[in-house]
Every structure is written in structure tokens, then in C-alpha cells.
Amino acid sequence: MKGLWKADASSAQKCLVIIFMLVLLGALVPMFSRGFVPSNGWQAIALYLSLALTALGLVWLRILYKRGQWKPAGPWEDYGPIKRVLMIPLCLGFWLLVLWLNLAGTLPKAYTAVMGTEVVSESNVVKKRSSGRYSCHHQLKLPEVRYMFFEFCIDEGAFDRLPDDVMPARISAQQSYFGRSIYSISLAAPKRKSD
């Protein structure tokens with residue numbers, strides 16, 4: 001852990017670094033495990049909580065800075081006043097995003113895995129082709145899902161055989177107050193493309 005802070009760093013600064021690293025690692029879960037969909041209501045609540053925690057964090061940083069228990073490190077000290085002012089909204093925006101990913105995706109996904117109940121629901125799906133570098137290229141999309149990190153991948157052969165229009169489907173998931181982890185989408189007698 002010594003590589004994460006200077007030798008003369010205060011215990012408060014060490015605590016800040018550890019919190020930052022844990023939150024940063026937690027934010028990776030929704031990016032690489034894309035089967036969880038937080039409920040729309042919880043996504044909004046997670047945003048407000050992220051804003052509140054960011055504001056509290058700024059107050060805490062200000063108090064620690066005045067006491068001499070926290071000092072910016074690295075290239076920040078070499079930046080001019082204009083670059084520092086420009087970096088503030090970028091750093092705040094980044095922190096807000098990683099906090100939101102933890103509160104909207106990572107923690108609810110863990111809670112749902114432990115406390116969720118099995119549910120089966122009916123919905124419609126459409127096939128979706130993606131060109132994202134880190135996403136799968138052939139997917140089924142649920143029109144009601146409004147969450148950027150959800151993907152349900154299928155293989156290319158199955159994708160090509162499916163029609164281009166809306167298909168009825170049965171969705172199996174584990175659900176809690178915070179959202180649902182979708183693990184199966186079964187198409188209800190899909191019509192195949194005619195050759």
C-alpha cells in the first residue's frame with residue numbers, strides 16, 4: 001500500500017486514498033458484469049445520494065486541507081490556476097460517476113444476489129447490433145430498460161436467424177427493491193426469417 005501515498009502522508013490522507021480505491025474498484029463491476037438492471041426509481045435515488053456524498057466529501061476535504069491533514073499530490077501541484085479550475089469539474093464529474101455506479105449498480109446487484117427473489121415476467125425484445133469496443137456485438141434489447149450498462153448477449157448465428165421486428169419473450173430474473181438480475185430471456189416461439 002505504500003506506493004499509493006507519500007511517506008509523510010497523514011492517516012486522513014491514507015484513509016482518503018483507500019476509500020477512493022475501493023469506490024473505483026466497485027465501479028468496475030457494472031462495466032464488466034452487465035446482467036443487472038437497477039429500477040428507474042433507484043437510479044434517481046442513487047444519483048441524489050451520489051450528489052450528497054460528493055458534497056460531504058468536498059466539505060471533508062476542505063476541513064482536512066485547513067488542518068494540514070490533506071494536500072494535493074502528483075501533477076496537481078504543477079498545474080497553473082486555469083488548469084486547476086478546469087480540472088475541478090472534471091474530477092467532480094468522474095467522482096460522481098463512479099459513486100453512482102457503486103450505488104446504482106454494484107451494491108444493489110450484491111444485495112439482489114443475496115436477498116432477491118426469483119421472478120418470471122413477460123416482455124417484448126428486439127435484436128440489437130452493437131459496435132462498442134467492450135460490448136458484445138449481438139444482443140437482445142428490452143425496450144423498457146433504461147440503463148446504459150445492461151446487455152444480454154446472444155451468438156451471431158442465433159442473431160441472424162431472428163426477425164428484425166419485436167418478439168415476445170419470457171424473462172427469468174432475480175429481483176429486489178433495487179432492481180433485477182436478468183439471467184434468461186426465452187423467446188416465445190420466435191418466427192424465423194424466410195430464406
# chains A, B, ... in the order shown; residues from 1 in each chain; ligands from 1
$ select_by_dssp --residues "segment 141-185 of chain A" --states "alpha helix (DSSP H)" --output "PyMOL selection string"
chain A and resi 156-161
$ residues_around --residues "segment 86-103 of chain A" --least-positions-apart "5" --cutoff "10 Å" --atoms "only C-alpha atoms" --output "MDAnalysis selection string"
chainID A and resid 20 22:31 38 42:55 58 76 79 81 108:109 149 178
$ atom_distance --atom1 "atom CA of Ile19 of chain A" --atom2 "atom CA of Ile82 of chain A"
28.1 Å
$ select_by_dssp --residues "chain A" --states "strand (DSSP E)" --output "PyMOL selection string"
chain A and resi 36-38+117-129+138-141+167-176+179-187
$ residues_around --residues "Val145 of chain A" --least-positions-apart "6" --cutoff "9 Å" --atoms "only C-alpha atoms" --output "list in words"
Val37, Ser39 and Asn40 of chain A
$ atom_distance --atom1 "atom CA of Ala9 of chain A" --atom2 "atom CA of Arg84 of chain A"
21.8 Å
$ residues_around --residues "Glu118 of chain A" --least-positions-apart "3" --cutoff "12 Å" --atoms "only C-alpha atoms" --output "list in words"
Thr112, Ala113, Val114, Met115, Ser121, Ile171, Ser172, Ala173, Gln174, Gln175, Ser176, Arg180, Ser181, Ile182, Tyr183 and Ser184 of chain A
$ decode --residues "segment 97-140 of chain A" --atoms "N, CA and C atoms" --output "PDB file, in the first residue's frame"
ATOM      1  N   LEU A  97     -19.659   9.970 -11.190  1.00  0.00           N
ATOM      2  CA  LEU A  97     -19.958   8.788 -11.999  1.00  0.00           C
ATOM      3  C   LEU A  97     -19.591   7.496 -11.263  1.00  0.00           C
ATOM      4  N   VAL A  98     -18.394   7.439 -10.681  1.00  0.00           N
ATOM      5  CA  VAL A  98     -18.001   6.193 -10.020  1.00  0.00           C
ATOM      6  C   VAL A  98     -18.838   5.947  -8.761  1.00  0.00           C
ATOM      7  N   LEU A  99     -19.193   7.003  -8.053  1.00  0.00           N
ATOM      8  CA  LEU A  99     -20.085   6.841  -6.898  1.00  0.00           C
ATOM      9  C   LEU A  99     -21.441   6.317  -7.346  1.00  0.00           C
ATOM     10  N   TRP A 100     -21.970   6.905  -8.427  1.00  0.00           N
ATOM     11  CA  TRP A 100     -23.277   6.478  -8.936  1.00  0.00           C
ATOM     12  C   TRP A 100     -23.245   5.020  -9.390  1.00  0.00           C
ATOM     13  N   LEU A 101     -22.169   4.609 -10.045  1.00  0.00           N
ATOM     14  CA  LEU A 101     -22.055   3.210 -10.475  1.00  0.00           C
ATOM     15  C   LEU A 101     -22.073   2.257  -9.287  1.00  0.00           C
ATOM     16  N   ASN A 102     -21.429   2.642  -8.200  1.00  0.00           N
ATOM     17  CA  ASN A 102     -21.453   1.821  -6.992  1.00  0.00           C
ATOM     18  C   ASN A 102     -22.844   1.765  -6.377  1.00  0.00           C
ATOM     19  N   LEU A 103     -23.492   2.924  -6.269  1.00  0.00           N
ATOM     20  CA  LEU A 103     -24.790   2.993  -5.600  1.00  0.00           C
ATOM     21  C   LEU A 103     -25.931   2.469  -6.466  1.00  0.00           C
ATOM     22  N   ALA A 104     -25.835   2.656  -7.779  1.00  0.00           N
ATOM     23  CA  ALA A 104     -26.912   2.204  -8.664  1.00  0.00           C
ATOM     24  C   ALA A 104     -26.713   0.768  -9.124  1.00  0.00           C
ATOM     25  N   GLY A 105     -25.451   0.337  -9.276  1.00  0.00           N
ATOM     26  CA  GLY A 105     -25.198  -0.978  -9.847  1.00  0.00           C
ATOM     27  C   GLY A 105     -24.560  -1.994  -8.921  1.00  0.00           C
ATOM     28  N   THR A 106     -23.398  -1.672  -8.377  1.00  0.00           N
ATOM     29  CA  THR A 106     -22.618  -2.664  -7.637  1.00  0.00           C
ATOM     30  C   THR A 106     -23.300  -3.121  -6.352  1.00  0.00           C
ATOM     31  N   LEU A 107     -23.627  -2.192  -5.470  1.00  0.00           N
ATOM     32  CA  LEU A 107     -24.243  -2.562  -4.191  1.00  0.00           C
ATOM     33  C   LEU A 107     -25.630  -3.186  -4.373  1.00  0.00           C
ATOM     34  N   PRO A 108     -26.513  -2.616  -5.239  1.00  0.00           N
ATOM     35  CA  PRO A 108     -27.806  -3.269  -5.460  1.00  0.00           C
ATOM     36  C   PRO A 108     -27.691  -4.661  -6.082  1.00  0.00           C
ATOM     37  N   LYS A 109     -26.703  -4.851  -6.950  1.00  0.00           N
ATOM     38  CA  LYS A 109     -26.503  -6.175  -7.556  1.00  0.00           C
ATOM     39  C   LYS A 109     -26.139  -7.197  -6.484  1.00  0.00           C
ATOM     40  N   ALA A 110     -25.245  -6.812  -5.573  1.00  0.00           N
ATOM     41  CA  ALA A 110     -24.854  -7.707  -4.483  1.00  0.00           C
ATOM     42  C   ALA A 110     -26.048  -7.994  -3.570  1.00  0.00           C
ATOM     43  N   TYR A 111     -26.824  -6.965  -3.242  1.00  0.00           N
ATOM     44  CA  TYR A 111     -27.992  -7.152  -2.385  1.00  0.00           C
ATOM     45  C   TYR A 111     -29.002  -8.087  -3.059  1.00  0.00           C
ATOM     46  N   THR A 112     -29.242  -7.875  -4.349  1.00  0.00           N
ATOM     47  CA  THR A 112     -30.209  -8.689  -5.086  1.00  0.00           C
ATOM     48  C   THR A 112     -29.750 -10.143  -5.161  1.00  0.00           C
ATOM     49  N   ALA A 113     -28.445 -10.361  -5.324  1.00  0.00           N
ATOM     50  CA  ALA A 113     -27.923 -11.732  -5.376  1.00  0.00           C
ATOM     51  C   ALA A 113     -28.177 -12.471  -4.070  1.00  0.00           C
ATOM     52  N   VAL A 114     -28.124 -11.749  -2.947  1.00  0.00           N
ATOM     53  CA  VAL A 114     -28.294 -12.388  -1.640  1.00  0.00           C
ATOM     54  C   VAL A 114     -29.758 -12.423  -1.201  1.00  0.00           C
ATOM     55  N   MET A 115     -30.473 -11.317  -1.389  1.00  0.00           N
ATOM     56  CA  MET A 115     -31.817 -11.161  -0.827  1.00  0.00           C
ATOM     57  C   MET A 115     -32.947 -11.198  -1.862  1.00  0.00           C
ATOM     58  N   GLY A 116     -32.616 -11.265  -3.136  1.00  0.00           N
ATOM     59  CA  GLY A 116     -33.638 -11.204  -4.177  1.00  0.00           C
ATOM     60  C   GLY A 116     -34.471 -12.468  -4.274  1.00  0.00           C
ATOM     61  N   THR A 117     -35.613 -12.347  -4.937  1.00  0.00           N
ATOM     62  CA  THR A 117     -36.488 -13.496  -5.169  1.00  0.00           C
ATOM     63  C   THR A 117     -36.555 -13.782  -6.668  1.00  0.00           C
ATOM     64  N   GLU A 118     -36.790 -15.041  -6.991  1.00  0.00           N
ATOM     65  CA  GLU A 118     -36.896 -15.451  -8.394  1.00  0.00           C
ATOM     66  C   GLU A 118     -38.215 -14.944  -8.979  1.00  0.00           C
ATOM     67  N   VAL A 119     -38.161 -14.332 -10.147  1.00  0.00           N
ATOM     68  CA  VAL A 119     -39.370 -13.853 -10.816  1.00  0.00           C
ATOM     69  C   VAL A 119     -39.313 -14.231 -12.293  1.00  0.00           C
ATOM     70  N   VAL A 120     -40.492 -14.414 -12.872  1.00  0.00           N
ATOM     71  CA  VAL A 120     -40.623 -14.632 -14.315  1.00  0.00           C
ATOM     72  C   VAL A 120     -41.633 -13.613 -14.810  1.00  0.00           C
ATOM     73  N   SER A 121     -41.284 -12.896 -15.871  1.00  0.00           N
ATOM     74  CA  SER A 121     -42.189 -11.881 -16.421  1.00  0.00           C
ATOM     75  C   SER A 121     -42.214 -11.974 -17.934  1.00  0.00           C
ATOM     76  N   GLU A 122     -43.240 -11.375 -18.498  1.00  0.00           N
ATOM     77  CA  GLU A 122     -43.387 -11.337 -19.961  1.00  0.00           C
ATOM     78  C   GLU A 122     -42.998  -9.944 -20.453  1.00  0.00           C
ATOM     79  N   SER A 123     -42.346  -9.901 -21.587  1.00  0.00           N
ATOM     80  CA  SER A 123     -41.970  -8.620 -22.173  1.00  0.00           C
ATOM     81  C   SER A 123     -41.771  -8.809 -23.668  1.00  0.00           C
ATOM     82  N   ASN A 124     -41.385  -7.749 -24.321  1.00  0.00           N
ATOM     83  CA  ASN A 124     -41.011  -7.814 -25.732  1.00  0.00           C
ATOM     84  C   ASN A 124     -39.529  -7.512 -25.850  1.00  0.00           C
ATOM     85  N   VAL A 125     -38.879  -8.121 -26.817  1.00  0.00           N
ATOM     86  CA  VAL A 125     -37.463  -7.855 -27.067  1.00  0.00           C
ATOM     87  C   VAL A 125     -37.263  -7.553 -28.547  1.00  0.00           C
ATOM     88  N   VAL A 126     -36.199  -6.858 -28.809  1.00  0.00           N
ATOM     89  CA  VAL A 126     -35.761  -6.630 -30.192  1.00  0.00           C
ATOM     90  C   VAL A 126     -34.282  -6.969 -30.245  1.00  0.00           C
ATOM     91  N   LYS A 127     -33.826  -7.364 -31.408  1.00  0.00           N
ATOM     92  CA  LYS A 127     -32.397  -7.636 -31.507  1.00  0.00           C
ATOM     93  C   LYS A 127     -31.659  -6.331 -31.765  1.00  0.00           C
ATOM     94  N   LYS A 128     -30.438  -6.277 -31.252  1.00  0.00           N
ATOM     95  CA  LYS A 128     -29.650  -5.056 -31.345  1.00  0.00           C
ATOM     96  C   LYS A 128     -28.216  -5.423 -31.678  1.00  0.00           C
ATOM     97  N   ARG A 129     -27.667  -4.744 -32.658  1.00  0.00           N
ATOM     98  CA  ARG A 129     -26.263  -4.948 -33.016  1.00  0.00           C
ATOM     99  C   ARG A 129     -25.464  -3.795 -32.405  1.00  0.00           C
ATOM    100  N   SER A 130     -24.372  -4.124 -31.725  1.00  0.00           N
ATOM    101  CA  SER A 130     -23.556  -3.099 -31.076  1.00  0.00           C
ATOM    102  C   SER A 130     -22.183  -3.064 -31.709  1.00  0.00           C
ATOM    103  N   SER A 131     -21.604  -1.874 -31.754  1.00  0.00           N
ATOM    104  CA  SER A 131     -20.249  -1.741 -32.296  1.00  0.00           C
ATOM    105  C   SER A 131     -19.270  -1.295 -31.211  1.00  0.00           C
ATOM    106  N   GLY A 132     -19.705  -1.327 -29.951  1.00  0.00           N
ATOM    107  CA  GLY A 132     -18.837  -0.902 -28.858  1.00  0.00           C
ATOM    108  C   GLY A 132     -17.636  -1.814 -28.690  1.00  0.00           C
ATOM    109  N   ARG A 133     -16.536  -1.226 -28.302  1.00  0.00           N
ATOM    110  CA  ARG A 133     -15.295  -1.984 -28.155  1.00  0.00           C
ATOM    111  C   ARG A 133     -15.406  -3.044 -27.061  1.00  0.00           C
ATOM    112  N   TYR A 134     -16.078  -2.704 -25.950  1.00  0.00           N
ATOM    113  CA  TYR A 134     -16.137  -3.614 -24.810  1.00  0.00           C
ATOM    114  C   TYR A 134     -17.493  -4.280 -24.636  1.00  0.00           C
ATOM    115  N   SER A 135     -18.375  -4.128 -25.617  1.00  0.00           N
ATOM    116  CA  SER A 135     -19.692  -4.762 -25.516  1.00  0.00           C
ATOM    117  C   SER A 135     -19.779  -5.901 -26.518  1.00  0.00           C
ATOM    118  N   CYS A 136     -20.720  -6.820 -26.260  1.00  0.00           N
ATOM    119  CA  CYS A 136     -20.900  -7.900 -27.226  1.00  0.00           C
ATOM    120  C   CYS A 136     -21.651  -7.344 -28.448  1.00  0.00           C
ATOM    121  N   HIS A 137     -21.395  -7.905 -29.600  1.00  0.00           N
ATOM    122  CA  HIS A 137     -21.908  -7.329 -30.849  1.00  0.00           C
ATOM    123  C   HIS A 137     -23.334  -7.752 -31.180  1.00  0.00           C
ATOM    124  N   HIS A 138     -23.816  -8.851 -30.596  1.00  0.00           N
ATOM    125  CA  HIS A 138     -25.160  -9.351 -30.891  1.00  0.00           C
ATOM    126  C   HIS A 138     -25.926  -9.492 -29.588  1.00  0.00           C
ATOM    127  N   GLN A 139     -27.020  -8.713 -29.464  1.00  0.00           N
ATOM    128  CA  GLN A 139     -27.741  -8.625 -28.198  1.00  0.00           C
ATOM    129  C   GLN A 139     -29.242  -8.677 -28.411  1.00  0.00           C
ATOM    130  N   LEU A 140     -29.939  -8.987 -27.318  1.00  0.00           N
ATOM    131  CA  LEU A 140     -31.381  -8.791 -27.252  1.00  0.00           C
ATOM    132  C   LEU A 140     -31.612  -7.582 -26.358  1.00  0.00           C
TER     133      LEU A 140
END
